[in-house]
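Listing of data.tsv; format and content: TSV, C-alpha atoms.
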chain	number	residue	atom	x	y	z
A	1	THR	CA	-17.10	7.97	6.42
A	2	TYR	CA	-15.21	4.82	5.48
A	3	LEU	CA	-15.52	1.45	7.18
A	4	TYR	CA	-12.69	-0.57	5.67
A	5	LEU	CA	-10.21	-0.76	2.85
A	6	ARG	CA	-11.61	-3.02	0.14
A	7	SER	CA	-14.57	-5.11	1.20
A	8	TYR	CA	-15.94	-2.50	3.61
A	9	LEU	CA	-15.79	0.82	1.72
A	10	PRO	CA	-18.93	2.79	2.76
A	11	TYR	CA	-18.29	6.54	2.76
A	12	ALA	CA	-20.03	9.87	2.23
A	13	ALA	CA	-20.25	9.62	-1.56
A	14	LEU	CA	-21.84	6.17	-1.72
A	15	ASN	CA	-24.75	5.94	-4.11
A	16	ALA	CA	-28.13	4.62	-2.98
A	17	TYR	CA	-27.35	1.06	-4.11
A	18	ASP	CA	-24.08	0.84	-2.17
A	19	GLN	CA	-25.59	2.39	0.96
A	20	ARG	CA	-28.08	-0.45	1.31
A	21	GLU	CA	-25.42	-3.16	0.94
A	22	GLY	CA	-24.10	-4.78	4.11
A	23	ARG	CA	-20.61	-3.74	5.24
A	24	SER	CA	-18.28	-4.75	8.06
A	25	VAL	CA	-17.44	-2.10	10.67
A	26	ARG	CA	-14.17	-1.49	12.50
A	27	CYS	CA	-14.16	1.39	15.02
A	28	VAL	CA	-11.25	3.64	15.99
A	29	HIS	CA	-10.66	5.36	19.35
A	30	ASN	CA	-11.47	9.05	19.69
A	31	GLU	CA	-7.99	9.87	21.00
A	32	GLU	CA	-4.65	9.45	19.24
A	33	VAL	CA	-1.12	9.27	20.65
A	34	GLU	CA	1.93	10.93	19.19
A	35	VAL	CA	4.64	8.53	18.01
A	36	GLN	CA	8.14	9.95	18.39
A	37	LYS	CA	11.14	8.58	16.52
A	38	SER	CA	14.64	9.64	17.44
A	39	SER	CA	17.00	10.57	14.61
A	40	GLU	CA	19.49	8.18	16.24
A	41	GLU	CA	17.09	5.24	16.39
A	42	SER	CA	18.70	1.99	15.25
A	43	ALA	CA	17.12	-0.65	13.03
A	44	SER	CA	16.60	-2.94	16.03
A	45	ASP	CA	15.00	-0.09	17.97
A	46	THR	CA	12.63	0.47	15.04
A	47	LEU	CA	11.55	-3.17	15.13
A	48	LEU	CA	11.05	-3.06	18.89
A	49	ARG	CA	9.02	0.13	18.58
A	50	ALA	CA	6.86	-1.44	15.87
A	51	GLU	CA	6.36	-4.52	18.06
A	52	PHE	CA	5.16	-2.29	20.90
A	53	GLN	CA	2.88	-0.30	18.63
A	54	ARG	CA	1.02	-3.39	17.47
A	55	ARG	CA	0.09	-4.31	21.01
A	56	SER	CA	-3.14	-3.30	22.72
A	57	CYS	CA	-3.78	0.39	23.27
A	58	VAL	CA	-2.47	1.88	26.49
A	59	GLY	CA	-5.35	2.17	28.96
A	60	ASP	CA	-7.79	0.54	26.54
A	61	SER	CA	-6.66	-3.06	26.00
A	62	VAL	CA	-10.28	-4.04	25.32
A	63	VAL	CA	-13.54	-2.28	24.46
A	64	LYS	CA	-17.09	-3.48	25.14
A	65	ASP	CA	-20.13	-2.83	22.96
A	66	ALA	CA	-23.76	-2.29	23.98
A	67	ASP	CA	-24.42	-6.05	24.05
A	68	GLY	CA	-21.41	-6.80	26.23
A	69	ASN	CA	-19.25	-8.21	23.43
A	70	VAL	CA	-15.56	-7.60	24.19
A	71	TYR	CA	-13.04	-6.67	21.48
A	72	PRO	CA	-9.25	-6.47	21.85
A	73	THR	CA	-7.55	-3.29	20.66
A	74	VAL	CA	-4.34	-2.57	18.78
A	75	GLN	CA	-2.16	0.53	18.57
A	76	ILE	CA	-0.85	1.26	15.05
A	77	GLY	CA	1.07	4.49	14.74
A	78	ARG	CA	-0.97	7.21	16.45
A	79	GLN	CA	-4.26	5.35	16.12
A	80	CYS	CA	-6.00	2.89	18.43
A	81	TRP	CA	-8.20	0.42	16.53
A	82	MET	CA	-10.54	-2.42	17.38
A	83	GLN	CA	-8.86	-5.68	16.47
A	84	GLU	CA	-12.13	-7.31	15.38
A	85	ASN	CA	-15.20	-6.32	13.35
A	86	LEU	CA	-18.35	-5.27	15.20
A	87	ARG	CA	-20.96	-7.90	16.00
A	88	VAL	CA	-23.32	-5.73	18.06
A	89	LYS	CA	-27.10	-6.18	17.73
A	90	SER	CA	-28.27	-2.98	19.43
A	91	TYR	CA	-27.35	0.62	20.24
A	92	ASP	CA	-26.56	1.97	23.70
A	93	ASP	CA	-30.13	3.28	24.05
A	94	GLY	CA	-31.45	-0.28	23.70
A	95	THR	CA	-32.74	0.14	20.15
A	96	GLN	CA	-32.36	-3.15	18.31
A	97	ILE	CA	-30.71	-3.36	14.89
A	98	GLN	CA	-33.04	-5.55	12.85
A	99	PHE	CA	-31.68	-8.78	11.41
A	100	SER	CA	-32.41	-9.61	7.79
A	101	LYS	CA	-31.45	-12.44	5.47
A	102	ASN	CA	-32.17	-10.69	2.21
A	103	LYS	CA	-34.07	-7.40	2.70
A	104	LYS	CA	-31.94	-4.44	1.66
A	105	GLY	CA	-32.70	-0.75	1.88
A	106	VAL	CA	-31.72	2.50	3.60
A	107	ASP	CA	-34.97	3.39	5.39
A	108	VAL	CA	-34.38	0.94	8.24
A	109	ALA	CA	-31.20	-0.11	10.03
A	110	TYR	CA	-30.37	-3.73	9.16
A	111	ARG	CA	-27.64	-6.24	10.00
A	112	TYR	CA	-26.81	-9.40	8.06
A	113	ASN	CA	-24.74	-12.53	8.53
A	114	PRO	CA	-21.46	-12.50	6.61
A	115	MET	CA	-21.80	-14.75	3.56
A	116	GLY	CA	-25.16	-15.86	5.00
A	117	CYS	CA	-23.25	-17.86	7.60
A	118	ASP	CA	-24.58	-17.86	11.19
A	119	THR	CA	-21.39	-19.34	12.64
A	120	CYS	CA	-19.15	-16.80	10.87
A	121	VAL	CA	-20.31	-13.82	12.97
A	122	LYS	CA	-17.74	-14.45	15.74
A	123	THR	CA	-14.90	-14.32	13.22
A	124	TYR	CA	-16.13	-11.70	10.74
A	125	GLY	CA	-18.74	-9.73	12.69
A	126	TYR	CA	-22.10	-8.69	11.24
A	127	LEU	CA	-22.59	-6.77	8.02
A	128	TYR	CA	-24.56	-3.51	8.45
A	129	ASN	CA	-26.30	-1.22	6.01
A	130	TRP	CA	-25.44	2.49	5.91
A	131	THR	CA	-28.41	3.47	8.09
A	132	ALA	CA	-27.34	1.08	10.83
A	133	VAL	CA	-23.75	2.30	10.77
A	134	MET	CA	-24.47	6.03	10.85
A	135	HIS	CA	-27.38	5.87	13.35
A	136	GLY	CA	-28.76	9.21	12.19
A	137	GLU	CA	-25.44	11.08	11.94
A	138	LYS	CA	-24.02	12.81	8.88
A	139	SER	CA	-20.89	11.55	7.19
A	140	SER	CA	-17.51	13.23	7.61
A	141	ASN	CA	-14.05	13.04	6.11
A	142	GLU	CA	-12.40	14.83	9.03
A	143	ASN	CA	-9.62	13.19	11.01
A	144	PRO	CA	-11.01	12.11	13.41
A	145	SER	CA	-14.41	11.80	11.78
A	146	GLY	CA	-16.40	12.62	14.93
A	147	VAL	CA	-19.09	10.16	13.81
A	148	ARG	CA	-19.88	7.79	16.65
A	149	GLY	CA	-22.65	6.03	14.77
A	150	ILE	CA	-22.84	2.37	15.73
A	151	CYS	CA	-19.56	2.41	17.67
A	152	PRO	CA	-19.19	2.17	21.48
A	153	LYS	CA	-18.81	5.31	23.59
A	154	GLY	CA	-15.37	6.86	23.14
A	155	TRP	CA	-15.00	5.30	19.68
A	156	HIS	CA	-16.12	6.32	16.20
A	157	VAL	CA	-16.58	5.19	12.59
A	158	PRO	CA	-13.32	6.04	10.77
A	159	SER	CA	-13.33	8.46	7.86
A	160	ARG	CA	-11.50	7.93	4.59
A	161	ALA	CA	-8.80	10.27	5.93
A	162	GLU	CA	-8.29	7.98	8.92
A	163	TRP	CA	-8.02	4.87	6.75
A	164	MET	CA	-5.47	6.71	4.63
A	165	GLU	CA	-3.49	7.59	7.77
A	166	LEU	CA	-3.45	3.92	8.73
A	167	THR	CA	-2.32	2.65	5.32
A	168	GLU	CA	0.24	5.43	4.85
A	169	TYR	CA	1.75	4.69	8.25
A	170	VAL	CA	2.03	0.97	7.51
A	171	GLU	CA	3.52	1.70	4.08
A	172	SER	CA	6.14	3.92	5.75
A	173	GLN	CA	7.38	1.07	7.98
A	174	PRO	CA	9.77	-1.36	6.17
A	175	GLN	CA	9.16	-4.06	8.79
A	176	TYR	CA	5.61	-4.40	7.43
A	177	TYR	CA	6.61	-4.83	3.78
A	178	VAL	CA	5.86	-8.13	2.04
A	179	GLN	CA	8.43	-9.14	-0.57
A	180	HIS	CA	9.94	-5.67	0.07
A	181	GLU	CA	6.85	-4.04	-1.44
A	182	LYS	CA	5.25	-1.23	0.56
A	183	CYS	CA	2.18	-1.41	-1.70
A	184	ASN	CA	1.23	-4.65	0.05
A	185	ALA	CA	-0.01	-2.82	3.16
A	186	ASP	CA	-3.21	-4.86	3.04
A	187	CYS	CA	-1.12	-8.00	3.66
A	188	ALA	CA	0.36	-6.50	6.83
A	189	LEU	CA	-3.13	-5.57	8.00
A	190	SER	CA	-4.43	-9.11	7.55
A	191	ASP	CA	-3.96	-12.30	9.48
A	192	VAL	CA	-1.50	-14.52	7.62
A	193	LYS	CA	-4.14	-17.17	6.94
A	194	TYR	CA	-6.26	-14.55	5.15
A	195	TRP	CA	-3.48	-13.17	2.95
A	196	LYS	CA	-4.50	-12.91	-0.69
A	197	SER	CA	-2.51	-14.84	-3.28
A	198	ASP	CA	-0.55	-11.84	-4.56
A	199	CYS	CA	1.04	-11.42	-1.13
A	200	TYR	CA	3.42	-14.15	-2.32
A	201	ILE	CA	3.58	-16.03	0.96
A	202	THR	CA	7.00	-17.56	1.63
A	203	HIS	CA	8.75	-18.65	4.80
A	204	ALA	CA	10.36	-15.22	5.00
A	205	ASP	CA	7.01	-13.46	4.53
A	206	ALA	CA	5.48	-15.44	7.38
A	207	SER	CA	8.04	-13.93	9.75
A	208	VAL	CA	7.17	-10.33	8.83
A	209	VAL	CA	6.31	-8.20	11.85
A	210	LYS	CA	2.54	-7.96	11.36
A	211	THR	CA	0.59	-4.94	12.54
A	212	GLY	CA	-1.76	-7.00	14.71
A	213	PHE	CA	-4.76	-5.34	13.02
A	214	ASN	CA	-6.40	-8.76	12.64

Could you rewrite the structure in this file as structure tokens?
Amino acid sequence: TYLYLRSYLPYAALNAYDQREGRSVRCVHNEEVEVQKSSEESASDTLLRAEFQRRSCVGDSVVKDADGNVYPTVQIGRQCWMQENLRVKSYDDGTQIQFSKNKKGVDVAYRYNPMGCDTCVKTYGYLYNWTAVMHGEKSSNENPSGVRGICPKGWHVPSRAEWMELTEYVESQPQYYVQHEKCNADCALSDVKYWKSDCYITHADASVVKTGFN
């Protein structure tokens, strides 16, 4: 089960060292919607459709975790995603996820501050070890994964297959390209201020229809 593209990356084949490292978590809704495109759809219609699809999910504009934290949602293609990383401290049953500054392991569920920064949690969420994320469940590469883990009810930890669906969808939409390169899907999935240098930010790039993932 994956958590995120580059800096997140926990999945079923992680070795023992990687499983104890802290990772960010982004949950995906259990239900998908089918996106229809007419063969007669114009370029302007495509842009309007993309603009709609990056808005909050129909019927689920926000989702609340066990601690009452509220996260906005975003519809990208068929998938409904949280628009922010998890910052929950407990599970629905009231079990607390222990906080640690430097202890790492897989025997106990731990959470950590991103970059050791207390004030960064609101922006980046907590980092969680593999045990905290999975909450006793086995990994899966199905689509959907079926692994609720640390996620709120009705949501689950995305599998590698689900991350691939997300990136492949974005790469199939020209309005998300940066410098006309579909390989820069990670730029379209990031807030402009967090774009990496090889996104080649220009005035034109800044006007790209972003996915709204962040």

* To do: Kindly indicate which residue among A:Ala188, A:Cys57, A:Ala132, A:Val63 lies nearest to A:Gly149, using only C-alpha atoms for the distances.
  => A:Ala132

* Asked: Pick from A:Val62, A:Gly22, A:Asn30, A:Tyr126: nearest to A:Val147, with all atoms listed in the file counted?
  ->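 So, comparing all the options, the nearest one is A:Asn30.
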
Tell me which protein, DNA and RNA residues are within 12 Å of A:Glu84, counting all atoms listed in the file, leaving out same-chain ones fewer than 2 positions away, and put them as a PDB file with C-alpha atoms, keeping the file's coordinate frame.
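Just written: out_35.pdb:
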ATOM      1  CA  TYR A   4     -12.690  -0.570   5.670  1.00  0.00           C
ATOM      2  CA  SER A  24     -18.280  -4.750   8.060  1.00  0.00           C
ATOM      3  CA  VAL A  25     -17.440  -2.100  10.670  1.00  0.00           C
ATOM      4  CA  ARG A  26     -14.170  -1.490  12.500  1.00  0.00           C
ATOM      5  CA  CYS A  27     -14.160   1.390  15.020  1.00  0.00           C
ATOM      6  CA  VAL A  28     -11.250   3.640  15.990  1.00  0.00           C
ATOM      7  CA  VAL A  62     -10.280  -4.040  25.320  1.00  0.00           C
ATOM      8  CA  VAL A  63     -13.540  -2.280  24.460  1.00  0.00           C
ATOM      9  CA  LYS A  64     -17.090  -3.480  25.140  1.00  0.00           C
ATOM     10  CA  ASP A  65     -20.130  -2.830  22.960  1.00  0.00           C
ATOM     11  CA  ASN A  69     -19.250  -8.210  23.430  1.00  0.00           C
ATOM     12  CA  VAL A  70     -15.560  -7.600  24.190  1.00  0.00           C
ATOM     13  CA  TYR A  71     -13.040  -6.670  21.480  1.00  0.00           C
ATOM     14  CA  PRO A  72      -9.250  -6.470  21.850  1.00  0.00           C
ATOM     15  CA  THR A  73      -7.550  -3.290  20.660  1.00  0.00           C
ATOM     16  CA  VAL A  74      -4.340  -2.570  18.780  1.00  0.00           C
ATOM     17  CA  TRP A  81      -8.200   0.420  16.530  1.00  0.00           C
ATOM     18  CA  MET A  82     -10.540  -2.420  17.380  1.00  0.00           C
ATOM     19  CA  LEU A  86     -18.350  -5.270  15.200  1.00  0.00           C
ATOM     20  CA  ARG A  87     -20.960  -7.900  16.000  1.00  0.00           C
ATOM     21  CA  VAL A  88     -23.320  -5.730  18.060  1.00  0.00           C
ATOM     22  CA  VAL A 121     -20.310 -13.820  12.970  1.00  0.00           C
ATOM     23  CA  LYS A 122     -17.740 -14.450  15.740  1.00  0.00           C
ATOM     24  CA  THR A 123     -14.900 -14.320  13.220  1.00  0.00           C
ATOM     25  CA  TYR A 124     -16.130 -11.700  10.740  1.00  0.00           C
ATOM     26  CA  GLY A 125     -18.740  -9.730  12.690  1.00  0.00           C
ATOM     27  CA  TYR A 126     -22.100  -8.690  11.240  1.00  0.00           C
ATOM     28  CA  LEU A 189      -3.130  -5.570   8.000  1.00  0.00           C
ATOM     29  CA  SER A 190      -4.430  -9.110   7.550  1.00  0.00           C
ATOM     30  CA  ASP A 191      -3.960 -12.300   9.480  1.00  0.00           C
ATOM     31  CA  GLY A 212      -1.760  -7.000  14.710  1.00  0.00           C
ATOM     32  CA  PHE A 213      -4.760  -5.340  13.020  1.00  0.00           C
ATOM     33  CA  ASN A 214      -6.400  -8.760  12.640  1.00  0.00           C
TER      34      ASN A 214
END

* Tell me, as a PyMOL selection string, which residues lie within 7 Å of A:Leu127, counting all atoms listed in the file; anything in the same chain fewer than 5 positions away does not count. => chain A and resi 22-24+111-114

Store the residues picked out above in a file with C-alpha atoms, as a PDB file, keeping the file's coordinate frame.
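And here is the file that came out, again20.pdb:
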ATOM      1  CA  GLY A  22     -24.100  -4.780   4.110  1.00  0.00           C
ATOM      2  CA  ARG A  23     -20.610  -3.740   5.240  1.00  0.00           C
ATOM      3  CA  SER A  24     -18.280  -4.750   8.060  1.00  0.00           C
ATOM      4  CA  ARG A 111     -27.640  -6.240  10.000  1.00  0.00           C
ATOM      5  CA  TYR A 112     -26.810  -9.400   8.060  1.00  0.00           C
ATOM      6  CA  ASN A 113     -24.740 -12.530   8.530  1.00  0.00           C
ATOM      7  CA  PRO A 114     -21.460 -12.500   6.610  1.00  0.00           C
TER       8      PRO A 114
END

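Considering all atoms listed in the file, the residue among A:Asn85, A:Gln96, A:Thr131, A:Gln79 positioned nearest to A:Ala66 is A:Gln96.
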
Considering only C-alpha atoms, give me a table of residues in stretch 52-91 of chain A that are at most 9 Å from stretch 161-174 of chain A, with the closest atom pair and distance in Å for each, as a Markdown table.
| residue | atom | partner | partner_atom | distance |
| --- | --- | --- | --- | --- |
| A:Ile76 | CA | A:Leu166 | CA | 7.3 |
| A:Gly77 | CA | A:Tyr169 | CA | 6.5 |
| A:Arg78 | CA | A:Leu166 | CA | 8.8 |
| A:Gln79 | CA | A:Leu166 | CA | 7.6 |

* To do: Could you tell me how far atom CA of A:Gly105 lies from atom CA of A:Thr119, in Å and to one decimal?
  =>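 We find that atom CA of A:Gly105 and atom CA of A:Thr119 lie 24.3 Å from each other.
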
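Take atom CA of A:Ser139 and atom CA of A:Lys153: the distance between them is 17.7 Å.
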
* Taking into account all atoms listed in the file, which residue in the set A:Asp67, A:Pro158, A:Gly116, A:Thr95 is nearest to A:Ser140? ->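 Of A:Asp67, A:Pro158, A:Gly116, A:Thr95, the one nearest A:Ser140, counting all atoms listed in the file, is A:Pro158.
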
* **Separation of atom CA of A:Asp93 from atom CA of A:Cys80, in Å and rounded to one decimal** =>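 One can read the atom CA of A:Asp93 to atom CA of A:Cys80 distance as 24.8 Å.
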
* Can you work out which one of A:Asp60, A:Asp107, A:Glu31, A:Glu21 has the shortest atom-to-atom distance to A:Gly136, counting only C-alpha atoms? =>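 Going through A:Asp60, A:Asp107, A:Glu31, A:Glu21 one by one, the smallest distance to A:Gly136 is for A:Asp107.
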
* A:Gln98, A:Ser90, A:Tyr110, A:Gly59: which is nearest A:Cys151, counting all atoms listed in the file? ->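 Ranked by minimum distance to A:Cys151, first place goes to A:Ser90.
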